[in-house]
>>> print(open('target27.txt').read())   # compact mmCIF, C-alpha atoms
# COMPACT_ATOMS: atom_id res chain seq x y z
CA MET S 25 264.25 84.62 131.11
CA ARG S 26 264.97 82.33 128.22
CA ARG S 27 262.81 79.57 129.87
CA SER S 28 259.84 81.95 130.12
CA ILE S 29 260.11 82.79 126.43
CA TYR S 30 260.14 79.09 125.52
CA SER S 31 257.07 78.43 127.71
CA LEU S 32 255.21 81.32 126.04
CA ILE S 33 256.05 80.05 122.58
CA ILE S 34 254.88 76.52 123.42
CA GLY S 35 251.61 77.84 124.88
CA VAL S 36 250.90 79.89 121.76
CA VAL S 37 251.55 76.83 119.57
CA PHE S 38 249.11 74.63 121.56
CA ALA S 39 246.46 77.34 121.50
CA GLY S 40 246.79 77.62 117.76
CA VAL S 41 246.45 73.87 117.30
CA ALA S 42 243.34 73.82 119.50
CA LEU S 43 241.71 76.63 117.54
CA PHE S 44 242.53 74.89 114.28
CA LEU S 45 240.91 71.63 115.42
CA LEU S 46 237.87 73.46 116.76
CA PHE S 47 237.07 75.30 113.54
CA THR S 48 237.94 72.26 111.41
CA ASN S 49 235.42 69.92 113.16
CA ARG S 50 232.64 72.45 113.67
CA PRO S 51 231.14 72.28 110.17
CA GLN S 52 231.05 68.46 110.36
CA THR S 53 229.26 68.52 113.71
CA GLU S 54 226.71 71.06 112.51
CA ALA S 55 226.14 69.02 109.36
CA ALA S 56 225.60 65.86 111.39
CA ASN S 57 223.10 67.62 113.66
CA ALA S 58 221.31 69.00 110.63
CA ASP S 59 220.61 65.43 109.42
CA VAL S 60 218.79 64.52 112.68
CA PRO S 61 215.06 65.29 112.32
CA VAL S 62 213.47 67.32 115.05
CA ILE S 63 210.55 65.39 116.64
CA ALA S 64 207.72 67.53 117.91
CA THR S 65 206.48 66.45 121.34
CA THR S 66 203.59 67.29 123.60
CA LYS S 67 202.78 66.64 127.24
CA VAL S 68 200.80 63.47 127.93
CA MET S 69 199.57 62.07 131.24
CA VAL S 70 200.70 58.54 132.07
CA ALA S 71 200.32 56.21 135.03
CA ALA S 72 202.93 56.92 137.68
CA LYS S 73 202.64 53.35 139.01
CA ASP S 74 200.82 50.09 138.25
CA ILE S 75 197.07 50.51 138.58
CA ALA S 76 194.61 47.67 139.15
CA TYR S 77 191.06 47.37 137.86
CA GLY S 78 188.73 49.41 140.08
CA ASP S 79 191.43 51.63 141.61
CA LYS S 80 190.58 55.30 142.10
CA ILE S 81 192.65 57.71 139.96
CA VAL S 82 194.28 60.14 142.40
CA PRO S 83 196.99 62.76 141.73
CA ASP S 84 199.73 60.45 143.04
CA TYR S 85 198.90 58.05 140.18
CA VAL S 86 199.54 60.67 137.47
CA ARG S 87 202.68 62.19 135.93
CA MET S 88 203.34 64.24 132.79
CA VAL S 89 205.83 63.10 130.14
CA ASP S 90 206.92 64.30 126.69
CA TRP S 91 205.27 62.21 123.99
CA PRO S 92 205.75 62.37 120.20
CA GLU S 93 202.82 64.31 118.77
CA ALA S 94 202.42 61.91 115.88
CA SER S 95 202.04 58.96 118.28
CA VAL S 96 199.56 60.40 120.76
CA PRO S 97 196.51 58.04 120.98
CA LYS S 98 193.29 59.55 119.67
CA ASP S 99 191.42 59.12 122.97
CA ALA S 100 194.30 60.17 125.23
CA ILE S 101 193.44 62.44 128.16
CA LEU S 102 195.74 65.44 127.80
CA THR S 103 194.95 67.69 130.76
CA ARG S 104 194.89 67.04 134.49
CA ALA S 105 191.55 68.82 134.72
CA ASP S 106 189.94 66.28 132.37
CA LEU S 107 191.28 63.38 134.43
CA LEU S 108 191.17 64.56 138.03
CA GLU S 109 188.36 67.12 138.15
CA GLY S 110 184.64 67.13 137.45
CA PRO S 111 181.43 65.87 139.06
CA GLU S 112 182.43 62.23 138.60
CA ALA S 113 185.88 62.51 140.18
CA PRO S 114 187.70 60.56 141.35
CA ARG S 115 187.54 58.46 138.25
CA ILE S 116 188.07 54.69 138.44
CA ALA S 117 190.29 52.44 136.34
CA LEU S 118 188.21 50.22 134.04
CA ARG S 119 191.26 48.14 133.08
CA PRO S 120 194.61 47.33 134.69
CA MET S 121 197.36 49.78 133.68
CA THR S 122 201.13 49.58 133.93
CA ALA S 123 203.47 52.41 134.94
CA GLY S 124 204.19 54.71 131.98
CA GLU S 125 200.97 53.80 130.11
CA PRO S 126 198.97 56.80 128.80
CA TYR S 127 195.57 57.52 130.30
CA LEU S 128 192.87 56.83 127.73
CA LYS S 129 189.19 57.67 127.89
CA SER S 130 188.36 53.99 127.37
CA LYS S 131 190.37 52.99 130.45
CA VAL S 132 188.81 55.23 133.08
CA SER S 133 185.26 55.85 134.22
CA GLY S 134 183.47 59.14 133.91
CA PHE S 135 183.12 59.05 130.13
CA GLY S 136 179.80 57.22 129.99
CA GLU S 137 181.16 54.02 131.55
CA ARG S 138 181.37 52.40 134.97
CA PRO S 139 183.82 49.85 136.41
CA ILE S 140 181.52 46.95 135.55
CA LEU S 141 182.52 43.31 135.40
CA SER S 142 181.38 42.93 131.79
CA ARG S 143 184.39 45.01 130.73
CA LYS S 144 186.62 42.09 131.75
CA LEU S 145 184.75 39.42 129.78
CA ALA S 146 186.24 38.20 126.52
CA GLU S 147 184.02 38.25 123.44
CA GLY S 148 181.52 35.38 123.45
CA MET S 149 182.09 34.55 127.13
CA ARG S 150 179.73 34.78 130.08
CA ALA S 151 180.09 35.34 133.83
CA PHE S 152 178.49 32.67 136.03
CA THR S 153 178.46 32.54 139.83
CA VAL S 154 178.22 29.48 142.08
CA ARG S 155 178.06 29.13 145.85
CA ILE S 156 181.20 27.98 147.67
CA ASN S 157 182.42 27.66 151.25
CA ASP S 158 185.78 27.52 152.99
CA VAL S 159 186.23 23.86 151.96
CA SER S 160 184.90 23.85 148.41
CA GLY S 161 186.78 27.14 147.80
CA VAL S 162 190.18 25.61 148.74
CA GLY S 163 190.36 27.38 152.07
CA GLY S 164 190.16 30.85 150.53
CA PHE S 165 193.35 30.47 148.49
CA ILE S 166 191.50 30.80 145.18
CA LEU S 167 191.75 34.43 144.05
CA PRO S 168 190.62 36.43 140.99
CA GLY S 169 192.83 35.52 138.04
CA ASP S 170 193.39 31.90 139.14
CA ARG S 171 192.29 28.91 137.07
CA VAL S 172 190.38 25.99 138.55
CA ASP S 173 188.68 22.70 137.76
CA ILE S 174 185.02 22.38 138.83
CA LEU S 175 183.88 19.09 140.37
CA LEU S 176 180.32 17.81 140.80
CA THR S 177 179.42 15.34 143.57
CA ARG S 178 175.98 13.74 143.32
CA GLN S 179 174.02 10.56 144.02
CA LEU S 180 173.82 8.11 141.17
CA ASN S 181 170.40 6.96 142.42
CA ASN S 182 168.28 7.19 145.57
CA SER S 183 170.13 4.49 147.48
CA GLY S 184 171.99 6.78 149.88
CA ARG S 185 175.56 7.90 150.39
CA ASP S 186 177.01 4.58 149.23
CA ASN S 187 176.17 5.56 145.65
CA LEU S 188 177.78 9.03 145.65
CA ALA S 189 180.09 9.83 142.74
CA THR S 190 182.26 12.77 141.68
CA ASP S 191 182.96 13.99 138.13
CA VAL S 192 185.18 16.77 136.81
CA ILE S 193 182.67 18.69 134.69
CA LEU S 194 184.84 21.69 133.68
CA GLN S 195 188.61 22.20 133.48
CA ASN S 196 190.87 25.24 133.29
CA VAL S 197 188.15 27.79 134.12
CA SER S 198 189.20 31.40 134.81
CA VAL S 199 188.08 32.94 138.11
CA LEU S 200 186.72 36.48 137.62
CA GLY S 201 185.91 37.21 141.23
CA ILE S 202 185.36 35.91 144.75
CA ASP S 203 182.24 37.43 146.29
CA GLN S 204 182.44 41.04 144.99
CA LEU S 205 186.23 41.12 144.79
CA SER S 206 187.65 41.16 141.23
CA ASN S 207 191.09 42.71 141.84
CA GLU S 208 193.70 40.28 140.48
CA ASN S 209 196.46 41.97 142.52
CA THR S 210 194.98 40.71 145.78
CA GLU S 211 197.42 38.47 147.64
CA ALA S 212 195.64 37.68 150.92
CA PRO S 213 193.35 34.59 151.03
CA VAL S 214 189.64 35.36 150.69
CA LEU S 215 187.02 33.20 152.42
CA GLY S 216 184.16 33.91 150.06
CA LYS S 217 180.65 32.55 149.78
CA SER S 218 180.50 32.71 145.98
CA ALA S 219 182.84 32.44 143.01
CA THR S 220 182.31 33.95 139.55
CA PHE S 221 183.81 32.26 136.49
CA GLU S 222 184.34 33.20 132.85
CA VAL S 223 182.64 30.45 130.83
CA THR S 224 181.02 29.79 127.48
CA PRO S 225 177.20 29.80 127.23
CA GLU S 226 177.19 25.97 127.14
CA GLN S 227 179.42 25.76 130.22
CA ALA S 228 177.07 28.17 132.01
CA GLN S 229 174.21 25.75 131.29
CA LYS S 230 176.21 22.86 132.74
CA LEU S 231 176.95 24.81 135.90
CA ALA S 232 173.31 25.85 136.33
CA LEU S 233 172.18 22.22 136.09
CA ALA S 234 175.03 20.86 138.21
CA ALA S 235 174.22 23.28 141.04
CA GLN S 236 170.72 21.75 141.22
CA VAL S 237 171.63 18.06 141.15
CA GLY S 238 174.63 17.99 143.49
CA THR S 239 177.43 19.83 145.26
CA LEU S 240 180.09 21.82 143.39
CA SER S 241 183.71 22.00 144.54
CA LEU S 242 186.76 23.77 143.15
CA SER S 243 190.23 22.39 142.53
CA LEU S 244 193.04 24.95 142.11
CA ARG S 245 195.28 24.38 139.07
CA ASN S 246 198.93 25.19 138.57
CA TYR S 247 199.19 28.57 136.83
CA ALA S 248 201.08 27.00 133.92
CA ALA S 249 198.91 23.86 133.57
CA LEU S 250 196.60 24.93 130.75
CA THR S 251 195.97 21.59 129.03
CA GLU S 252 192.91 19.52 129.87
CA GLU S 253 193.45 16.03 131.25
CA LYS S 254 191.43 12.88 130.80
CA THR S 255 189.46 12.11 133.95
CA SER S 256 187.07 9.38 135.05
CA GLN S 257 184.20 9.21 137.51
CA ILE S 258 185.08 8.26 141.09
CA ALA S 259 182.31 6.50 143.03
CA ALA S 260 182.02 5.74 146.74
CA SER S 261 182.70 2.08 146.01
CA ASP S 262 186.11 3.07 144.61
CA LEU S 263 187.29 4.53 147.92
CA GLY S 264 187.80 1.23 149.81
CA GLU S 265 190.26 -1.55 149.07
CA LYS S 266 189.01 -4.20 146.71
CA LYS S 267 188.52 -7.54 148.53
CA ALA S 268 190.09 -10.61 147.01
CA SER S 269 187.55 -13.19 145.89
CA ALA S 270 187.22 -16.12 148.33
CA PRO S 271 188.61 -19.44 147.05
CA ALA S 272 186.03 -22.03 146.00
CA PRO S 273 185.45 -24.72 148.70
CA ARG S 274 187.16 -28.02 147.97
CA SER S 275 184.83 -30.93 147.36
CA ALA S 276 185.24 -34.07 149.52
CA PRO S 277 187.32 -36.77 147.85
CA ALA S 278 185.28 -39.49 146.21
CA PRO S 279 185.32 -42.80 148.17
CA ALA S 280 187.59 -45.50 146.80
CA ARG S 281 185.83 -48.02 144.55
CA ASP S 282 185.41 -51.54 146.02
CA ASN S 283 186.43 -54.10 143.38
CA SER S 284 186.01 -57.16 145.65
CA LEU S 285 183.86 -60.22 144.68
CA TYR S 286 180.87 -61.18 146.82
CA VAL S 287 178.67 -64.32 146.91
CA ARG S 288 175.08 -64.20 148.02
CA VAL S 289 173.83 -67.25 150.03
CA ARG S 290 170.09 -67.67 150.67
CA LYS S 291 169.14 -69.47 153.89
CA GLY S 292 165.37 -69.73 154.00
CA THR S 293 164.08 -66.20 153.91
CA GLU S 294 167.43 -64.62 154.75
CA VAL S 295 170.12 -63.68 152.25
CA GLU S 296 173.71 -63.38 153.34
CA GLN S 297 176.58 -61.83 151.35
CA GLU S 298 180.07 -63.18 151.78
CA LYS S 299 183.28 -61.77 150.36
CA VAL S 300 185.33 -64.11 148.21
CA THR S 301 189.02 -64.02 148.90
CA ARG S 302 191.42 -64.35 145.98
>>> encode(input="target27.txt", output="structure tokens")
Amino acid sequence: MRRSIYSLIIGVVFAGVALFLLFTNRPQTEAANADVPVIATTKVMVAAKDIAYGDKIVPDYVRMVDWPEASVPKDAILTRADLLEGPEAPRIALRPMTAGEPYLKSKVSGFGERPILSRKLAEGMRAFTVRINDVSGVGGFILPGDRVDILLTRQLNNSGRDNLATDVILQNVSVLGIDQLSNENTEAPVLGKSATFEVTPEQAQKLALAAQVGTLSLSLRNYAALTEEKTSQIAASDLGEKKASAPAPRSAPAPARDNSLYVRVRKGTEVEQEKVTR
């Protein structure tokens, strides 16, 4: 009986302490929460996964997230109807997008734009296309997004193949597309018949002229090798081993000089020469 009374007293004491601590800390917690500003949010559509240039925007590529109202981009697409419905649906990505990136009117078609290649060109640059084959295109391993050197092989004069020479005319050129493929996420080799590059107007002129005077080939660069290197022309005569010059023929030794003394003796009409011994 006495043990039950002690247990009851101890329980009442602990309950009182707990209530005291609860009401003592409550004003501090409410004050701390009062100092935290309340951020107003709104629903914004973002990419549910990485999206490549030219991909169709389908419902699986869209998810809604809470976004701070003050940070919503001006041209953000806010409703699923604006993005996924309409006469121009499905819309197409005009630029690559990463997962979690908001959908903007400038990044999808259907708002007065199409997925055209000119959207990918930097300011002041041009797109120029040249013919390639499975050899000049590095066996199809050159893909959109790679960087290459462009080589020109031509005849130095009209003397035939012995006077062929190769020059590197452009270095570190960005590949925009192979044939009509411009998706940089492509991993499989592409055996294309043409390659499109991003070049300056002057470089476009060089390529136009080079395509008329010789054969163009591509050389794939390391993705991190961005610096240009000093190169020199390689001619057909440089392909073989250089022959050592033949030694000059030795001249025959000069005959030894005869220092002997001779006496001429005339006998009638005949003249005889006799050597005089010393």
>>> closest_residue(input="target27.txt", among="S:Ala39, S:Ile258, S:Ala232, S:Val89", to="Leu180 of chain S", atoms="only C-alpha atoms")
S:Ile258
>>> atom_distance(input="target27.txt", atom1="atom CA of Val62 of chain S", atom2="atom CA of Pro92 of chain S")
10.5 Å
>>> residues_around(input="target27.txt", residues="Arg115 of chain S", least_positions_apart="6", cutoff="7 Å", atoms="only C-alpha atoms", output="NGL selection string")
:S and (80-81 or 132-134)
>>> write_last_selection(input="target27.txt", atoms="C-alpha atoms", output="compact mmCIF listing (two decimals), keeping the file's coordinate frame")
# COMPACT_ATOMS: atom_id res chain seq x y z
CA LYS S 80 190.58 55.30 142.10
CA ILE S 81 192.65 57.71 139.96
CA VAL S 132 188.81 55.23 133.08
CA SER S 133 185.26 55.85 134.22
CA GLY S 134 183.47 59.14 133.91
>>> closest_residue(input="target27.txt", among="S:Met121, S:Ala260, S:Ile166, S:Leu108", to="Arg178 of chain S", atoms="only C-alpha atoms")
S:Ala260
>>> closest_residue(input="target27.txt", among="S:Ser241, S:Thr66, S:Thr122, S:Gln229", to="Ile174 of chain S", atoms="all atoms listed in the file")
S:Ser241
>>> closest_residue(input="target27.txt", among="S:Ala151, S:Ile116, S:Val172, S:Ala100", to="Lys129 of chain S", atoms="all atoms listed in the file")
S:Ala100
